[in-house]
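Reproduced below: query-v8.txt, with compact mmCIF, C-alpha atoms.
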# COMPACT_ATOMS: atom_id res chain seq x y z
CA MET A 623 -0.19 -5.73 -65.26
CA THR A 624 -0.85 -3.39 -62.34
CA ALA A 625 -2.48 -4.96 -59.27
CA ARG A 626 -5.45 -3.09 -57.87
CA ARG A 627 -5.38 -2.00 -54.27
CA PRO A 628 -7.84 -3.86 -52.01
CA THR A 629 -11.08 -2.02 -51.20
CA ILE A 630 -12.38 -2.29 -47.64
CA GLY A 631 -16.00 -1.48 -46.84
CA VAL A 632 -16.71 -0.15 -43.34
CA PHE A 633 -20.26 -0.13 -41.96
CA ASP A 634 -21.68 1.64 -38.92
CA SER A 635 -25.05 2.93 -37.81
CA GLY A 636 -23.58 6.43 -37.63
CA PHE A 637 -20.33 8.26 -37.00
CA GLY A 638 -18.53 6.15 -34.38
CA GLY A 639 -17.27 3.64 -36.93
CA LEU A 640 -15.03 6.39 -38.28
CA THR A 641 -12.70 5.61 -35.35
CA VAL A 642 -12.38 2.11 -36.84
CA LEU A 643 -11.71 3.63 -40.26
CA LYS A 644 -9.07 5.89 -38.70
CA ALA A 645 -7.35 2.84 -37.20
CA LEU A 646 -7.58 0.98 -40.52
CA LEU A 647 -5.96 3.88 -42.37
CA GLU A 648 -3.06 3.79 -39.93
CA VAL A 649 -2.55 0.01 -40.14
CA ILE A 650 -3.46 -0.57 -43.83
CA PRO A 651 -2.59 2.62 -45.75
CA GLY A 652 -2.29 0.64 -48.98
CA ALA A 653 -6.04 0.01 -49.32
CA ASP A 654 -8.98 2.07 -50.54
CA TYR A 655 -12.03 2.54 -48.31
CA ILE A 656 -15.79 2.91 -48.60
CA TYR A 657 -17.65 3.98 -45.46
CA PHE A 658 -21.41 3.58 -45.01
CA GLY A 659 -23.08 5.40 -42.11
CA ASP A 660 -26.78 4.58 -41.66
CA THR A 661 -27.35 7.94 -39.99
CA ALA A 662 -31.06 8.17 -40.89
CA ARG A 663 -31.87 5.04 -38.90
CA LEU A 664 -29.65 5.37 -35.85
CA PRO A 665 -29.57 4.52 -33.02
CA TYR A 666 -29.60 0.78 -33.60
CA GLY A 667 -29.61 0.11 -29.87
CA SER A 668 -33.35 0.70 -29.51
CA LYS A 669 -34.29 -1.61 -32.39
CA SER A 670 -35.04 -5.33 -32.50
CA VAL A 671 -32.50 -7.95 -33.52
CA GLU A 672 -34.49 -8.61 -36.69
CA THR A 673 -34.50 -4.93 -37.68
CA VAL A 674 -30.79 -4.45 -36.95
CA ALA A 675 -29.96 -7.55 -39.00
CA ARG A 676 -32.08 -6.35 -41.94
CA TYR A 677 -30.52 -2.87 -41.93
CA ALA A 678 -27.00 -4.25 -41.62
CA VAL A 679 -27.45 -6.78 -44.43
CA GLU A 680 -28.80 -4.02 -46.71
CA ALA A 681 -25.73 -1.91 -45.95
CA ALA A 682 -23.39 -4.87 -46.49
CA HIS A 683 -24.88 -5.55 -49.91
CA TYR A 684 -24.61 -1.87 -50.82
CA LEU A 685 -20.92 -1.83 -49.91
CA GLU A 686 -20.36 -4.98 -51.96
CA ASP A 687 -22.11 -3.33 -54.92
CA GLN A 688 -19.70 -0.41 -54.54
CA GLY A 689 -16.74 -2.76 -54.87
CA ALA A 690 -15.82 -3.69 -51.30
CA GLY A 691 -13.78 -6.89 -51.16
CA VAL A 692 -13.79 -7.09 -47.35
CA LEU A 693 -16.46 -5.84 -44.95
CA VAL A 694 -15.73 -4.43 -41.51
CA ILE A 695 -18.77 -4.17 -39.23
CA ALA A 696 -17.63 -1.24 -37.11
CA CYS A 697 -20.93 -1.01 -35.26
CA ASN A 698 -20.76 -2.81 -31.92
CA THR A 699 -24.54 -3.26 -31.82
CA ALA A 700 -24.73 -4.74 -35.32
CA THR A 701 -21.75 -6.99 -34.56
CA ALA A 702 -23.25 -8.14 -31.28
CA LEU A 703 -26.75 -8.76 -32.63
CA ALA A 704 -26.33 -9.70 -36.26
CA LEU A 705 -22.78 -10.69 -37.25
CA ASP A 706 -23.83 -14.25 -38.12
CA ARG A 707 -26.65 -12.96 -40.35
CA ILE A 708 -24.37 -10.45 -42.07
CA THR A 709 -21.66 -13.06 -42.65
CA ALA A 710 -24.17 -15.52 -44.11
CA ALA A 711 -25.63 -12.89 -46.46
CA ALA A 712 -22.32 -11.41 -47.63
CA HIS A 713 -20.26 -12.68 -50.53
CA VAL A 714 -16.94 -11.38 -49.17
CA PRO A 715 -15.09 -11.86 -45.84
CA VAL A 716 -16.64 -10.08 -42.85
CA VAL A 717 -14.89 -8.86 -39.67
CA GLY A 718 -16.75 -7.52 -36.63
CA VAL A 719 -15.39 -5.55 -33.68
CA VAL A 720 -16.28 -7.82 -30.74
CA GLU A 721 -13.95 -10.81 -31.23
CA PRO A 722 -10.85 -8.66 -31.97
CA GLY A 723 -11.53 -6.60 -28.84
CA ALA A 724 -11.97 -9.71 -26.70
CA GLU A 725 -8.81 -11.28 -28.11
CA ALA A 726 -6.79 -8.13 -27.39
CA ALA A 727 -8.12 -8.00 -23.82
CA ALA A 728 -7.19 -11.64 -23.29
CA SER A 729 -3.65 -10.92 -24.45
CA VAL A 730 -3.07 -7.98 -22.06
CA SER A 731 -4.93 -9.12 -18.93
CA LYS A 732 -2.67 -10.85 -16.43
CA ASN A 733 -5.26 -11.73 -13.80
CA LYS A 734 -8.02 -12.61 -16.29
CA LYS A 735 -10.52 -10.03 -15.05
CA VAL A 736 -11.82 -7.51 -17.57
CA VAL A 737 -14.31 -4.63 -17.58
CA VAL A 738 -16.22 -3.81 -20.77
CA ILE A 739 -18.03 -0.50 -21.25
CA GLY A 740 -20.54 0.03 -24.04
CA THR A 741 -24.04 1.07 -24.97
CA GLU A 742 -27.15 -0.48 -23.43
CA ALA A 743 -27.75 -2.62 -26.52
CA THR A 744 -24.20 -3.98 -26.72
CA VAL A 745 -24.11 -4.74 -23.00
CA SER A 746 -27.58 -6.35 -23.07
CA SER A 747 -26.44 -8.68 -25.85
CA HIS A 748 -23.58 -9.96 -23.62
CA ALA A 749 -21.53 -10.48 -26.79
CA TYR A 750 -18.30 -9.27 -25.18
CA ARG A 751 -18.89 -11.26 -22.01
CA LYS A 752 -19.43 -14.45 -24.01
CA ALA A 753 -16.34 -13.78 -26.12
CA LEU A 754 -14.21 -13.09 -23.04
CA GLU A 755 -15.55 -15.99 -20.98
CA GLY A 756 -14.88 -18.24 -23.98
CA ARG A 757 -11.23 -17.24 -23.58
CA GLY A 758 -11.22 -18.04 -19.86
CA LEU A 759 -11.65 -14.48 -18.56
CA ASP A 760 -14.03 -13.14 -15.93
CA ALA A 761 -15.87 -10.17 -17.46
CA ARG A 762 -18.07 -7.41 -16.14
CA GLU A 763 -20.07 -5.31 -18.59
CA LYS A 764 -21.16 -1.76 -17.80
CA ALA A 765 -23.59 0.27 -19.90
CA CYS A 766 -22.58 3.93 -20.18
CA PRO A 767 -25.46 5.53 -22.11
CA LEU A 768 -24.49 9.15 -21.43
CA LEU A 769 -21.06 8.94 -23.05
CA VAL A 770 -22.18 8.81 -26.70
CA PRO A 771 -24.19 12.07 -26.62
CA LEU A 772 -21.36 13.76 -24.71
CA VAL A 773 -18.86 12.70 -27.38
CA GLU A 774 -21.16 13.87 -30.18
CA GLU A 775 -21.54 17.19 -28.38
CA GLY A 776 -17.77 17.51 -28.60
CA TRP A 777 -17.29 17.33 -24.81
CA VAL A 778 -14.46 14.79 -24.96
CA ASP A 779 -12.41 16.61 -22.31
CA HIS A 780 -15.18 18.38 -20.41
CA PRO A 781 -15.46 18.26 -16.60
CA VAL A 782 -19.03 16.96 -16.93
CA THR A 783 -17.85 14.05 -19.10
CA GLU A 784 -15.03 13.30 -16.67
CA GLU A 785 -17.46 13.21 -13.75
CA VAL A 786 -19.86 10.93 -15.64
CA ALA A 787 -17.00 8.59 -16.60
CA HIS A 788 -15.75 8.62 -13.00
CA ILE A 789 -19.18 7.45 -11.78
CA TYR A 790 -19.50 4.75 -14.44
CA LEU A 791 -16.01 3.35 -13.91
CA GLY A 792 -16.37 3.54 -10.14
CA GLU A 793 -19.39 1.26 -10.43
CA ALA A 794 -17.72 -1.00 -13.02
CA PHE A 795 -14.56 -1.58 -10.97
CA GLY A 796 -16.39 -1.89 -7.62
CA ASP A 797 -17.75 -4.91 -5.77
CA GLY A 798 -15.05 -7.48 -6.37
CA PHE A 799 -13.67 -6.06 -9.62
CA HIS A 800 -11.11 -3.66 -8.10
CA ASP A 801 -8.31 -5.84 -9.45
CA ALA A 802 -9.60 -6.07 -13.04
CA ASP A 803 -6.65 -5.01 -15.16
CA ALA A 804 -8.14 -4.38 -18.62
CA LEU A 805 -10.86 -2.00 -19.82
CA VAL A 806 -12.41 -2.78 -23.20
CA LEU A 807 -13.92 0.13 -25.11
CA GLY A 808 -17.00 -1.61 -26.46
CA CYS A 809 -18.32 1.41 -28.37
CA THR A 810 -16.72 3.13 -31.34
CA HIS A 811 -17.34 6.57 -29.82
CA TYR A 812 -15.15 5.82 -26.82
CA PRO A 813 -11.70 6.04 -28.47
CA LEU A 814 -12.19 9.82 -28.46
CA LEU A 815 -12.33 9.58 -24.66
CA LYS A 816 -9.10 7.61 -24.22
CA PRO A 817 -7.08 10.48 -22.65
CA LEU A 818 -9.91 11.14 -20.20
CA LEU A 819 -10.43 7.44 -19.44
CA HIS A 820 -6.71 7.01 -18.74
CA ARG A 821 -7.10 9.65 -16.01
CA VAL A 822 -10.28 8.15 -14.56
CA ALA A 823 -9.53 4.41 -14.71
CA PRO A 824 -7.44 2.77 -11.97
CA PRO A 825 -3.73 3.26 -12.74
CA HIS A 826 -3.02 -0.46 -13.19
CA VAL A 827 -5.66 -0.84 -15.94
CA ARG A 828 -4.76 -1.31 -19.63
CA ILE A 829 -7.25 0.24 -22.06
CA VAL A 830 -8.17 -1.95 -25.03
CA ASP A 831 -9.43 -0.08 -28.08
CA SER A 832 -11.56 -2.44 -30.18
CA ALA A 833 -11.06 -0.16 -33.20
CA GLU A 834 -7.30 -0.70 -33.14
CA SER A 835 -7.70 -4.43 -32.46
CA THR A 836 -10.11 -4.78 -35.38
CA ALA A 837 -7.74 -2.99 -37.76
CA ARG A 838 -4.95 -5.42 -36.87
CA VAL A 839 -7.23 -8.41 -37.50
CA VAL A 840 -8.29 -7.02 -40.89
CA ALA A 841 -4.62 -6.52 -41.83
CA THR A 842 -3.90 -10.17 -40.99
CA ARG A 843 -6.95 -11.37 -42.94
CA LEU A 844 -5.89 -9.34 -45.99
CA GLN A 845 -2.42 -10.90 -45.95
CA LYS A 846 -4.00 -14.35 -46.06
CA LEU A 847 -6.59 -13.45 -48.71
CA LEU A 848 -4.38 -11.61 -51.17
CA PRO A 849 -1.56 -13.32 -53.07
CA PRO A 850 1.81 -11.55 -52.77
CA THR A 851 2.31 -9.00 -55.53
CA PRO A 852 5.72 -7.81 -56.73
CA ALA A 853 6.30 -4.21 -55.68
CA ALA A 854 6.72 -3.11 -59.29
CA GLN A 855 3.19 -4.29 -60.09
CA VAL A 856 1.41 -2.54 -57.21
CA GLU A 857 -0.70 0.46 -58.16
CA ARG A 858 1.31 3.50 -57.13
CA ARG A 859 -0.71 6.14 -55.35
CA SER A 860 0.33 8.16 -52.33
CA LEU A 861 -3.08 8.30 -50.59
CA PRO A 862 -6.01 5.88 -50.34
CA ARG A 863 -9.29 6.68 -52.04
CA LEU A 864 -11.99 7.41 -49.47
CA LYS A 865 -15.69 7.36 -50.29
CA PHE A 866 -18.40 8.06 -47.72
CA PHE A 867 -22.10 7.28 -47.93
CA ALA A 868 -24.70 8.48 -45.42
CA THR A 869 -28.46 7.90 -45.28
CA ASP A 870 -29.15 11.29 -43.66
CA SER A 871 -27.71 14.82 -43.89
CA VAL A 872 -24.43 14.94 -45.78
CA GLU A 873 -23.50 18.23 -44.11
CA LYS A 874 -24.05 16.83 -40.61
CA PHE A 875 -21.97 13.78 -41.53
CA ARG A 876 -19.10 16.00 -42.64
CA ARG A 877 -19.29 18.17 -39.53
CA LEU A 878 -19.55 15.42 -36.92
CA GLY A 879 -17.45 12.92 -38.84
CA GLU A 880 -14.36 15.11 -38.75
CA ARG A 881 -14.23 14.74 -34.95
CA PHE A 882 -14.05 10.96 -35.24
CA LEU A 883 -11.78 10.64 -38.26
CA GLY A 884 -9.39 13.41 -37.22
CA HIS A 885 -9.39 15.26 -40.53
CA SER A 886 -11.80 16.80 -43.04
CA ILE A 887 -14.22 14.62 -44.97
CA GLU A 888 -14.77 15.54 -48.60
CA ASP A 889 -16.51 12.90 -50.71
CA VAL A 890 -19.83 12.24 -48.93
CA ARG A 891 -22.81 11.06 -50.91
CA HIS A 892 -26.40 10.65 -49.77
CA VAL A 893 -27.96 7.25 -50.33
CA ASP A 894 -31.53 6.20 -49.60
CA LEU A 895 -31.98 2.54 -48.75
CA LYS A 896 -35.69 1.88 -49.20
CA GLU A 897 -37.55 -0.08 -46.56

Can you turn what I pasted into structure tokens?
Amino acid sequence: MTARRPTIGVFDSGFGGLTVLKALLEVIPGADYIYFGDTARLPYGSKSVETVARYAVEAAHYLEDQGAGVLVIACNTATALALDRITAAAHVPVVGVVEPGAEAAASVSKNKKVVVIGTEATVSSHAYRKALEGRGLDAREKACPLLVPLVEEGWVDHPVTEEVAHIYLGEAFGDGFHDADALVLGCTHYPLLKPLLHRVAPPHVRIVDSAESTARVVATRLQKLLPPTPAAQVERRSLPRLKFFATDSVEKFRRLGERFLGHSIEDVRHVDLKE
């Protein structure tokens, strides 16, 4: 009997979670993936905790209905505000992006001082700070609201973006945090800025990509969840199946999504989650 490949559902409010999917594809190429981008209702950052939780639970149930056996909440805002609600409502294991990012920062920081950059909503939730302080680290969070629109404009290596990042990081690493030695990317758009951030951040700083950290945690969880299968019984297929669902324009999802995923996106379907 041939064993089916695991199916991983990835949820985000928009396009940024595709950086998490990209990392998952690199770490777990032997799985199939379903991505749900709630593009009609973004940004989540301006909405209440109750609304974010309701939207995220709807998306989680949709992904389960599509066959997802594990859910990855790639949205930092949804993870920060509603992970407990999503986990309680789901019928499959759930992994968010905050705890893996905090754990990775704790493992690389030598002096236990960490800077986290993210959106206003993620920073206001203090989810990363709580996760880092729970591991004995001193954390400073810095909201960088201009970076997401700059990334979506495609200005990932533009002088304007570099100047904006220079100002944000100057403030984040100032006033007693000059010796912080880890920078956590607390937004799924920010991995596209890693080359630029390496230039702008102090030279001693290690950059922690929560997307990569999350992918490694999911890989570990899968190993524990799935019984070992003899190689001869594993479904043989060279590439994973990728399905994409978006609540707004399919064409816009394809166009913007390619920047985040790093290659063309073919199978995108529109879905309308009713209020």

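Straight-line separation from CA of Ser635 (chain A) to CA of Leu819 (chain A): 23.9 Å.
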
Closest pair table for region 658-695 of chain A residues within 6 Å of region 700-724 of chain A, all atoms listed in the file, as CSV:
residue,atom,partner,partner_atom,distance
A:Val671,CA,A:Leu703,CA,5.9
A:Ala675,CA,A:Ala704,CA,5.0
A:Val679,CA,A:Ile708,CA,5.3
A:Gly691,CA,A:Val714,CA,5.8
A:Val692,CA,A:Pro715,CA,5.2
A:Leu693,CA,A:Val716,CA,4.7
A:Val694,CA,A:Val717,CA,4.9
A:Ile695,CA,A:Gly718,CA,4.7

CA of Val822 (chain A) to CA of Ala696 (chain A), distance in Å rounded to a single decimal: 25.5 Å

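Proximity of A:Leu878, A:Ala868, A:Lys764, A:Arg843 to Val893 (chain A), computed with all atoms listed in the file, is greatest for A:Ala868.
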
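Distance check against Pro771 (chain A) using all atoms listed in the file: of A:Lys865, A:Pro825, A:Val737, A:His811, the minimum falls on A:His811.
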
Contact residues around Glu742 (chain A) with all atoms listed in the file at 8 Å, ignoring same-chain residues under 4 positions, as number ranges by chain: A: 667, 746, 765-767

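For the set A:Val778, A:Ala726, A:Leu769, A:Ala749, the residue with the smallest atom-to-atom gap to Ala833 (chain A) is A:Ala726, counting only C-alpha atoms.
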
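With distances restricted to only C-alpha atoms, A:Phe867 is the closest residue to Asp634 (chain A) from A:Glu648, A:Glu686, A:Phe867, A:Val872.
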
Option closest in space to Arg751 (chain A), from A:Val840, A:Leu772, A:Leu883, A:Gly808 [counting only C-alpha atoms]: A:Gly808

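Among the candidates A:Ala653, A:Ala678, A:Val830, A:Ile887, the one nearest to Val738 (chain A) when counting all atoms listed in the file is A:Val830.
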
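Note that CA of Tyr812 (chain A) and CA of Ala761 (chain A) are 18.5 Å apart.
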
Spatial neighbours of Val890 (chain A), 12 Å, all atoms listed in the file, chain gap at least 3 places, as a VMD selection string: chain A and resid 656 to 659 864 to 877 879 to 880 886 to 887 893

All residues 6 Å or closer to region 729-736 of chain A, only C-alpha atoms, same chain fewer than 6 positions away omitted, as a PyMOL selection string: chain A and resi 759-761+802-804

Residues within 10 Å of Gly884 (chain A), all atoms listed in the file, excluding chain neighbours under 5 positions, as number ranges by chain: A: 640-641, 644, 814, 879

Find the axis-aligned box for region 750-758 of chain A, covering all its listed atoms and adding 8 Å on each side, and write its centre and edge lengths in Å to one decimal as lines of an AutoDock Vina configuration file.
center_x = -15.3
center_y = -13.8
center_z = -23.0
size_x = 24.2
size_y = 25.0
size_z = 22.3

Polymer residues at most 10 Å from Pro665 (chain A), all atoms listed in the file, same-chain spacing of 5 or more positions, as a VMD selection string: chain A and resid 635 to 636 660 674 699 743

For region 755-771 of chain A of the block above, can you save N, CA and C atoms as a CSV table (one decimal), in the first residue's frame?
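For reference, out.csv as written:
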chain,number,residue,atom,x,y,z
A,755,GLU,N,11.3,37.0,26.7
A,755,GLU,CA,11.5,37.2,28.1
A,755,GLU,C,11.2,35.8,28.8
A,756,GLY,N,10.3,35.0,28.3
A,756,GLY,CA,10.1,33.7,28.9
A,756,GLY,C,11.3,32.8,28.8
A,757,ARG,N,12.2,33.1,27.9
A,757,ARG,CA,13.4,32.4,27.7
A,757,ARG,C,14.6,33.1,28.3
A,758,GLY,N,14.4,34.1,29.1
A,758,GLY,CA,15.4,34.8,29.8
A,758,GLY,C,16.2,35.8,29.0
A,759,LEU,N,15.6,36.3,27.9
A,759,LEU,CA,16.2,37.3,27.1
A,759,LEU,C,15.6,38.7,27.3
A,760,ASP,N,16.4,39.7,27.1
A,760,ASP,CA,15.9,41.1,27.1
A,760,ASP,C,15.5,41.5,25.7
A,761,ALA,N,14.3,41.9,25.5
A,761,ALA,CA,13.8,42.2,24.1
A,761,ALA,C,13.3,43.6,23.9
A,762,ARG,N,13.7,44.1,22.8
A,762,ARG,CA,13.1,45.4,22.4
A,762,ARG,C,12.3,45.2,21.1
A,763,GLU,N,11.1,45.7,21.0
A,763,GLU,CA,10.3,45.5,19.8
A,763,GLU,C,10.2,46.9,19.1
A,764,LYS,N,10.3,46.9,17.8
A,764,LYS,CA,10.2,48.1,17.0
A,764,LYS,C,9.2,47.9,15.9
A,765,ALA,N,8.2,48.7,15.8
A,765,ALA,CA,7.2,48.7,14.7
A,765,ALA,C,7.9,49.4,13.5
A,766,CYS,N,7.7,48.8,12.4
A,766,CYS,CA,8.3,49.3,11.1
A,766,CYS,C,7.2,49.4,10.0
A,767,PRO,N,6.2,50.2,10.2
A,767,PRO,CA,5.0,50.1,9.3
A,767,PRO,C,5.3,50.5,7.9
A,768,LEU,N,6.3,51.2,7.5
A,768,LEU,CA,6.6,51.5,6.1
A,768,LEU,C,7.2,50.4,5.3
A,769,LEU,N,7.7,49.3,6.0
A,769,LEU,CA,8.4,48.3,5.2
A,769,LEU,C,7.5,47.4,4.4
A,770,VAL,N,6.3,47.1,4.9
A,770,VAL,CA,5.4,46.2,4.2
A,770,VAL,C,5.0,46.8,2.8
A,771,PRO,N,4.5,48.1,2.8
A,771,PRO,CA,4.2,48.6,1.5
A,771,PRO,C,5.4,48.8,0.5
